[in-house]
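Asker: My structure file start20.pdb, PDB, C-alpha atoms, is below:
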```pdb
ATOM      1  CA  MET A 128      24.431 -34.505 -34.528
ATOM      2  CA  THR A 129      25.711 -33.671 -37.991
ATOM      3  CA  THR A 130      23.887 -33.057 -41.243
ATOM      4  CA  THR A 131      24.324 -34.971 -44.460
ATOM      5  CA  SER A 132      25.310 -33.374 -47.731
ATOM      6  CA  ILE A 133      22.695 -32.478 -50.318
ATOM      7  CA  THR A 134      22.795 -33.599 -53.937
ATOM      8  CA  LEU A 135      21.546 -31.593 -56.889
ATOM      9  CA  THR A 136      20.385 -32.306 -60.400
ATOM     10  CA  GLU A 137      22.026 -29.475 -62.320
ATOM     11  CA  THR A 138      20.372 -27.924 -65.330
ATOM     12  CA  PRO A 139      22.359 -25.392 -67.384
ATOM     13  CA  ASP A 140      20.561 -22.526 -65.602
ATOM     14  CA  ILE A 141      21.346 -23.949 -62.172
ATOM     15  CA  ARG A 142      24.975 -24.477 -63.152
ATOM     16  CA  VAL A 143      25.337 -20.837 -64.219
ATOM     17  CA  LEU A 144      23.859 -19.608 -60.948
ATOM     18  CA  LEU A 145      26.047 -21.896 -58.868
ATOM     19  CA  SER A 146      29.194 -20.917 -60.760
ATOM     20  CA  LEU A 147      28.559 -17.243 -60.093
ATOM     21  CA  ALA A 148      27.479 -17.826 -56.501
ATOM     22  CA  ASP A 149      30.351 -20.155 -55.630
ATOM     23  CA  ASP A 150      32.889 -17.740 -57.134
ATOM     24  CA  ALA A 151      31.529 -14.928 -54.974
ATOM     25  CA  LEU A 152      31.242 -16.990 -51.798
ATOM     26  CA  VAL A 153      34.692 -18.558 -51.941
ATOM     27  CA  LEU A 154      36.484 -15.337 -52.890
ATOM     28  CA  GLY A 155      34.451 -13.459 -50.291
ATOM     29  CA  HIS A 156      35.566 -15.921 -47.636
ATOM     30  CA  ARG A 157      39.196 -15.677 -48.743
ATOM     31  CA  THR A 158      39.074 -11.868 -48.718
ATOM     32  CA  SER A 159      37.506 -11.836 -45.245
ATOM     33  CA  GLU A 160      40.574 -13.680 -43.937
ATOM     34  CA  TRP A 161      42.455 -10.356 -44.085
ATOM     35  CA  THR A 162      40.326  -8.958 -41.268
ATOM     36  CA  GLY A 163      42.764  -8.092 -38.509
ATOM     37  CA  ARG A 164      45.766  -8.745 -40.768
ATOM     38  CA  ALA A 165      45.748  -6.063 -43.480
ATOM     39  CA  PRO A 166      48.764  -3.718 -43.664
ATOM     40  CA  LEU A 167      46.673  -0.603 -42.998
ATOM     41  CA  LEU A 168      43.507  -0.029 -40.980
ATOM     42  CA  GLU A 169      41.909   1.692 -43.976
ATOM     43  CA  GLU A 170      42.706  -1.298 -46.170
ATOM     44  CA  GLU A 171      41.385  -3.718 -43.570
ATOM     45  CA  LEU A 172      38.034  -1.919 -43.713
ATOM     46  CA  ALA A 173      38.117  -1.836 -47.516
ATOM     47  CA  LEU A 174      38.791  -5.561 -47.841
ATOM     48  CA  ALA A 175      36.145  -6.367 -45.244
ATOM     49  CA  ASN A 176      33.594  -4.351 -47.226
ATOM     50  CA  ILE A 177      34.612  -6.059 -50.473
ATOM     51  CA  ALA A 178      34.178  -9.431 -48.773
ATOM     52  CA  LEU A 179      30.701  -8.382 -47.625
ATOM     53  CA  ASP A 180      29.837  -7.294 -51.178
ATOM     54  CA  LEU A 181      30.872 -10.693 -52.526
ATOM     55  CA  ILE A 182      29.028 -12.666 -49.880
ATOM     56  CA  GLY A 183      25.949 -10.511 -50.480
ATOM     57  CA  GLN A 184      26.130 -11.356 -54.178
ATOM     58  CA  ALA A 185      26.479 -15.032 -53.297
ATOM     59  CA  ARG A 186      23.372 -14.910 -51.094
ATOM     60  CA  ALA A 187      21.269 -13.347 -53.834
ATOM     61  CA  LEU A 188      22.490 -15.917 -56.344
ATOM     62  CA  TYR A 189      21.879 -18.844 -54.002
ATOM     63  CA  GLN A 190      18.371 -17.547 -53.391
ATOM     64  CA  ALA A 191      17.786 -17.527 -57.147
ATOM     65  CA  ALA A 192      19.240 -21.033 -57.430
ATOM     66  CA  GLY A 193      17.016 -22.109 -54.565
ATOM     67  CA  GLU A 194      13.940 -21.261 -56.603
ATOM     68  CA  LEU A 195      15.080 -23.876 -59.123
ATOM     69  CA  THR A 196      16.483 -26.512 -56.755
ATOM     70  CA  GLY A 197      14.136 -26.344 -53.788
ATOM     71  CA  HIS A 198      17.071 -25.814 -51.420
ATOM     72  CA  SER A 199      17.690 -22.791 -49.209
ATOM     73  CA  GLU A 200      20.698 -20.500 -49.564
ATOM     74  CA  ASP A 201      22.146 -22.010 -46.388
ATOM     75  CA  GLU A 202      21.849 -25.536 -47.738
ATOM     76  CA  LEU A 203      23.512 -24.571 -51.006
ATOM     77  CA  ALA A 204      26.375 -22.808 -49.236
ATOM     78  CA  TYR A 205      26.909 -25.169 -46.328
ATOM     79  CA  LEU A 206      25.663 -28.620 -47.248
ATOM     80  CA  ARG A 207      27.499 -29.325 -50.496
ATOM     81  CA  ASP A 208      30.807 -31.187 -50.618
ATOM     82  CA  PRO A 209      33.797 -29.784 -52.573
ATOM     83  CA  PRO A 210      33.063 -31.723 -55.811
ATOM     84  CA  ALA A 211      29.635 -30.048 -55.951
ATOM     85  CA  PHE A 212      31.139 -26.540 -55.946
ATOM     86  CA  ARG A 213      31.478 -24.807 -59.315
ATOM     87  CA  ASN A 214      33.877 -21.961 -58.449
ATOM     88  CA  ALA A 215      36.947 -21.287 -60.547
ATOM     89  CA  LEU A 216      40.174 -22.583 -59.023
ATOM     90  CA  ILE A 217      41.656 -19.095 -58.681
ATOM     91  CA  MET A 218      39.071 -18.225 -56.020
ATOM     92  CA  GLU A 219      40.124 -20.956 -53.588
ATOM     93  CA  LEU A 220      43.895 -20.420 -53.644
ATOM     94  CA  PRO A 221      45.290 -19.278 -50.274
ATOM     95  CA  ASN A 222      45.718 -15.527 -49.886
ATOM     96  CA  GLY A 223      49.494 -15.534 -49.893
ATOM     97  CA  ASP A 224      50.957 -12.077 -49.340
ATOM     98  CA  PHE A 225      49.163  -8.773 -49.849
ATOM     99  CA  ALA A 226      50.378  -8.455 -53.441
ATOM    100  CA  PHE A 227      48.927 -11.866 -54.296
ATOM    101  CA  THR A 228      45.543 -10.947 -52.808
ATOM    102  CA  ILE A 229      45.440  -7.629 -54.650
ATOM    103  CA  ALA A 230      46.525  -9.136 -57.981
ATOM    104  CA  ARG A 231      43.871 -11.856 -57.715
ATOM    105  CA  LEU A 232      41.189  -9.355 -56.738
ATOM    106  CA  PHE A 233      42.047  -7.238 -59.768
ATOM    107  CA  LEU A 234      42.180 -10.051 -62.323
ATOM    108  CA  VAL A 235      38.975 -11.642 -61.024
ATOM    109  CA  SER A 236      37.073  -8.387 -60.603
ATOM    110  CA  VAL A 237      37.736  -7.333 -64.203
ATOM    111  CA  ALA A 238      36.225 -10.622 -65.379
ATOM    112  CA  SER A 239      33.278 -10.290 -62.986
ATOM    113  CA  ASP A 240      32.654  -6.707 -64.043
ATOM    114  CA  GLN A 241      32.425  -7.763 -67.680
ATOM    115  CA  LYS A 242      30.057 -10.626 -66.826
ATOM    116  CA  TRP A 243      27.690  -8.365 -64.904
ATOM    117  CA  ARG A 244      27.693  -5.725 -67.646
ATOM    118  CA  ARG A 245      26.845  -8.072 -70.514
ATOM    119  CA  GLY A 246      23.211  -8.368 -69.394
ATOM    120  CA  PHE A 247      21.055 -11.389 -68.651
ATOM    121  CA  ASP A 248      17.713 -12.568 -69.975
ATOM    122  CA  ASP A 249      16.881 -14.153 -66.627
ATOM    123  CA  LEU A 250      15.068 -11.651 -64.391
ATOM    124  CA  ALA A 251      16.645 -12.925 -61.184
ATOM    125  CA  LEU A 252      20.144 -12.626 -62.622
ATOM    126  CA  SER A 253      19.385  -9.187 -64.001
ATOM    127  CA  ALA A 254      18.308  -8.027 -60.550
ATOM    128  CA  VAL A 255      21.532  -9.320 -58.996
ATOM    129  CA  ALA A 256      23.617  -7.777 -61.777
ATOM    130  CA  GLU A 257      22.044  -4.352 -61.315
ATOM    131  CA  LYS A 258      23.506  -4.126 -57.815
ATOM    132  CA  ALA A 259      26.633  -6.209 -58.359
ATOM    133  CA  VAL A 260      27.889  -4.134 -61.274
ATOM    134  CA  LYS A 261      28.210  -1.080 -59.016
ATOM    135  CA  GLU A 262      30.038  -3.031 -56.345
ATOM    136  CA  THR A 263      32.377  -4.780 -58.770
ATOM    137  CA  ALA A 264      33.312  -1.510 -60.480
ATOM    138  CA  TYR A 265      34.639  -0.354 -57.105
ATOM    139  CA  HIS A 266      36.499  -3.640 -56.606
ATOM    140  CA  VAL A 267      38.235  -3.185 -59.963
ATOM    141  CA  ARG A 268      39.183   0.410 -59.207
ATOM    142  CA  HIS A 269      40.420  -0.333 -55.703
ATOM    143  CA  ALA A 270      42.514  -3.337 -56.712
ATOM    144  CA  ALA A 271      43.930  -1.560 -59.780
ATOM    145  CA  GLU A 272      45.084   1.406 -57.713
ATOM    146  CA  TRP A 273      46.848  -0.879 -55.275
ATOM    147  CA  LEU A 274      48.400  -3.019 -57.997
ATOM    148  CA  ILE A 275      49.825   0.086 -59.656
ATOM    149  CA  ARG A 276      51.159   1.288 -56.307
ATOM    150  CA  LEU A 277      52.824  -2.052 -55.622
ATOM    151  CA  GLY A 278      54.156  -2.651 -59.113
ATOM    152  CA  ASP A 279      55.547   0.851 -59.516
ATOM    153  CA  GLY A 280      56.770   1.042 -55.929
ATOM    154  CA  THR A 281      59.880  -0.397 -54.345
ATOM    155  CA  THR A 282      62.021  -3.150 -55.796
ATOM    156  CA  GLU A 283      60.524  -5.579 -53.278
ATOM    157  CA  SER A 284      56.895  -4.601 -53.889
ATOM    158  CA  HIS A 285      57.453  -4.821 -57.651
ATOM    159  CA  ARG A 286      58.956  -8.300 -57.316
ATOM    160  CA  ARG A 287      56.065  -9.522 -55.181
ATOM    161  CA  ALA A 288      53.471  -8.050 -57.545
ATOM    162  CA  GLN A 289      55.131  -9.621 -60.594
ATOM    163  CA  ASP A 290      55.417 -12.989 -58.852
ATOM    164  CA  ALA A 291      51.720 -12.797 -57.994
ATOM    165  CA  VAL A 292      50.654 -12.010 -61.564
ATOM    166  CA  ASP A 293      52.888 -14.763 -62.954
ATOM    167  CA  THR A 294      51.487 -17.331 -60.525
ATOM    168  CA  LEU A 295      47.854 -16.351 -61.045
ATOM    169  CA  TRP A 296      47.910 -16.012 -64.829
ATOM    170  CA  PRO A 297      47.490 -19.748 -65.633
ATOM    171  CA  PHE A 298      44.334 -19.736 -63.494
ATOM    172  CA  THR A 299      42.624 -16.932 -65.408
ATOM    173  CA  GLY A 300      41.368 -19.121 -68.250
ATOM    174  CA  GLU A 301      38.403 -20.287 -66.158
ATOM    175  CA  ILE A 302      37.190 -16.767 -65.389
ATOM    176  CA  THR A 303      37.357 -15.183 -68.840
ATOM    177  CA  GLU A 304      34.581 -15.941 -71.309
ATOM    178  CA  THR A 305      35.713 -13.237 -73.744
ATOM    179  CA  ARG A 306      39.489 -13.293 -73.439
ATOM    180  CA  PRO A 307      40.282 -10.404 -75.814
ATOM    181  CA  SER A 308      38.054  -7.913 -73.979
ATOM    182  CA  TRP A 309      39.429  -9.051 -70.617
ATOM    183  CA  LEU A 310      42.989  -8.589 -71.823
ATOM    184  CA  GLN A 311      42.073  -5.186 -73.202
ATOM    185  CA  ALA A 312      40.976  -4.104 -69.725
ATOM    186  CA  VAL A 313      43.823  -5.760 -67.826
ATOM    187  CA  SER A 314      46.786  -4.788 -70.019
ATOM    188  CA  PRO A 315      46.773  -0.989 -69.428
ATOM    189  CA  VAL A 316      46.791  -1.462 -65.652
ATOM    190  CA  LEU A 317      49.684  -3.918 -65.805
ATOM    191  CA  SER A 318      51.553  -1.453 -68.003
ATOM    192  CA  ARG A 319      50.987   1.420 -65.547
ATOM    193  CA  ALA A 320      52.166  -0.882 -62.771
ATOM    194  CA  THR A 321      55.354  -1.592 -64.789
ATOM    195  CA  LEU A 322      54.476  -5.284 -64.656
ATOM    196  CA  ARG A 323      55.183  -7.714 -67.471
ATOM    197  CA  GLN A 324      52.059  -9.329 -68.875
ATOM    198  CA  PRO A 325      52.577 -13.108 -68.990
ATOM    199  CA  ASP A 326      52.034 -14.909 -72.261
ATOM    200  CA  ASP A 327      48.860 -16.933 -72.580
ATOM    201  CA  GLY A 328      49.622 -20.615 -72.582
ATOM    202  CA  TRP A 329      48.335 -23.732 -70.867
ATOM    203  CA  MET A 330      45.575 -22.848 -68.415
ATOM    204  CA  GLN A 331      44.502 -24.575 -65.225
ATOM    205  CA  SER A 332      40.923 -25.844 -65.267
ATOM    206  CA  GLY A 333      38.571 -28.196 -63.488
ATOM    207  CA  GLY A 334      36.894 -26.011 -60.906
ATOM    208  CA  ARG A 335      33.716 -25.569 -62.946
ATOM    209  CA  ASP A 336      33.427 -29.373 -63.102
ATOM    210  CA  GLY A 337      34.075 -29.932 -59.408
ATOM    211  CA  ARG A 338      37.772 -30.862 -59.664
ATOM    212  CA  HIS A 339      39.331 -28.656 -57.034
ATOM    213  CA  THR A 340      42.602 -28.178 -55.200
ATOM    214  CA  GLU A 341      42.964 -29.407 -51.627
ATOM    215  CA  HIS A 342      42.573 -25.786 -50.511
ATOM    216  CA  LEU A 343      38.821 -25.745 -51.110
ATOM    217  CA  GLY A 344      38.298 -28.708 -48.809
ATOM    218  CA  HIS A 345      40.106 -26.928 -45.977
ATOM    219  CA  LEU A 346      38.176 -23.711 -46.604
ATOM    220  CA  LEU A 347      34.802 -25.468 -46.633
ATOM    221  CA  ALA A 348      35.631 -27.458 -43.505
ATOM    222  CA  GLU A 349      36.135 -24.184 -41.652
ATOM    223  CA  MET A 350      33.148 -22.448 -43.223
ATOM    224  CA  GLN A 351      30.686 -25.324 -42.868
ATOM    225  CA  VAL A 352      31.534 -26.736 -39.456
ATOM    226  CA  LEU A 353      28.876 -24.826 -37.511
ATOM    227  CA  PRO A 354      25.830 -25.480 -39.744
ATOM    228  CA  ARG A 355      26.811 -29.123 -40.203
ATOM    229  CA  THR A 356      27.305 -29.600 -36.466
ATOM    230  CA  TYR A 357      24.237 -27.587 -35.447
ATOM    231  CA  PRO A 358      21.515 -28.156 -38.050
ATOM    232  CA  GLY A 359      19.198 -25.202 -38.529
ATOM    233  CA  ALA A 360      21.782 -22.505 -37.839
ATOM    234  CA  VAL A 361      21.241 -19.516 -40.164
ATOM    235  CA  TRP A 362      23.331 -16.640 -41.479
TER     236      TRP A 362
END
```
Write the structure described by the file as structure tokens, please.
Answerer:
Amino acid sequence: MTTTSITLTETPDIRVLLSLADDALVLGHRTSEWTGRAPLLEEELALANIALDLIGQARALYQAAGELTGHSEDELAYLRDPPAFRNALIMELPNGDFAFTIARLFLVSVASDQKWRRGFDDLALSAVAEKAVKETAYHVRHAAEWLIRLGDGTTESHRRAQDAVDTLWPFTGEITETRPSWLQAVSPVLSRATLRQPDDGWMQSGGRDGRHTEHLGHLLAEMQVLPRTYPGAVW
């Protein structure tokens, strides 16, 4: 027996909640894929904890969205098809090498940190932000320290870090609502890492509107197989 997908009527409030929740869930899942594969045991534990932070944020946000949609957090996470997901494209890209994962975590976490700190009128979002802002501040610090270590390290680590930043940069348009303040936070770290900051140009988009890469479909197929095959399974 398999379950059918749910459909939602999205109001602006629901769309905001789903965008935040889907970002956290998809990046959390990607980050968790380093479990058993990280270059150091300490880093494996750190990335696992960051993944748990992100998935915890996603749960809280899905619960808030559930109050508006009438669907449970499990239904929102597991019973929507890729076009119904509102995450930014950068979240769903495969992990690549360690430098790529760290560069993405840094660029995304800076944007997330600024979102959580701006404040929300909605009480549910404010409650999530109160906890998330502490977690995301650690994510920024951890990723920045590693990016500096990689960029200002060996010739090979510098090359990999620069390649990662160059590849990810066109995907950052979807995650930055206030580009100047995001650049102001990102630029000093890139400078300390001896990495060249790419020029802003054409930016990838579509994730917020449900137009995703093929990578999200593969990720969701893996993540959703159990609850779709065994209805009623819970986290």
Asker: As a PyMOL selection string, please: the residues near region 194-202 of chain A (cut-off 12 Å, only C-alpha atoms, same-chain neighbours under 6 positions excluded).
Answerer: chain A and resi 130-145+148-149+152+182-188+208+251+350-351+353-355+358-362
Asker: Report as a VMD selection string all protein, DNA and RNA residues lying within 6 Å of Ala215 (chain A), evaluated on all atoms listed in the file, omitting residues in the same chain fewer than 4 positions from it.
Answerer: chain A and resid 301 334 to 335
Asker: Find the residues near Gly337 (chain A): any atom within 9 Å, counting all atoms listed in the file, skip ones fewer than 6 places away on the same chain, and give them as a PyMOL selection string.
Answerer: chain A and resi 209-214
Asker: Show me, as a list in words, the residues that have an atom within 10 Å of Gly246 (chain A) when counting only C-alpha atoms, minus same-chain residues fewer than 6 positions from it.
Answerer: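 Near neighbours after the sequence-gap exclusion: Leu252, Ser253, Ala256 and Glu257 of chain A.
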Asker: Please evaluate the PyMOL selection byres ((chain A and resi 264-281) around 6) against the displayed coordinates and give the resulting residues as number ranges by chain.
Answerer: A: 229, 233, 236-237, 261-263, 282-285, 288, 320-321
Asker: Using only C-alpha atoms, find each residue in region 207-245 of chain A having at least one atom no more than 10 Å away from region 162-180 of chain A; report its shortest atom-to-atom pair and that distance in Å (one decimal), rows by chain then rising number, as a Markdown table.
Answerer:
```
| residue | atom | partner | partner_atom | distance |
| --- | --- | --- | --- | --- |
| A:Asp224 | CA | A:Ala165 | CA | 9.9 |
| A:Phe225 | CA | A:Ala165 | CA | 7.7 |
| A:Thr228 | CA | A:Leu174 | CA | 10.0 |
| A:Ile229 | CA | A:Leu174 | CA | 9.7 |
| A:Leu232 | CA | A:Ile177 | CA | 9.7 |
```
Asker: With distances taken over all atoms listed in the file, which residue among A:Ala192, A:Ala151, A:Trp161, A:Ala204 lies nearest Val352 (chain A)?
Answerer: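 Going through A:Ala192, A:Ala151, A:Trp161, A:Ala204 one by one, the smallest distance to Val352 (chain A) is for A:Ala204.
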Asker: One number please: CA of Ala191 (chain A) to CA of Leu206 (chain A), in Å, one decimal.
Answerer: 16.8 Å
Asker: Step by step, work through what the PyMOL selection byres ((chain A and resi 303) around 12) selects in the shown file, and finish by giving those residues as an MDAnalysis selection string.
Answerer: chainID A and resid 215 217 234:242 296:302 304:313 330 332
Asker: Have a look at A:His339, A:Arg245, A:Lys258, A:Arg323 and name the one nearest to Met218 (chain A); count all atoms listed in the file.
Answerer: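 Distance minimum relative to Met218 (chain A) lands on A:His339.
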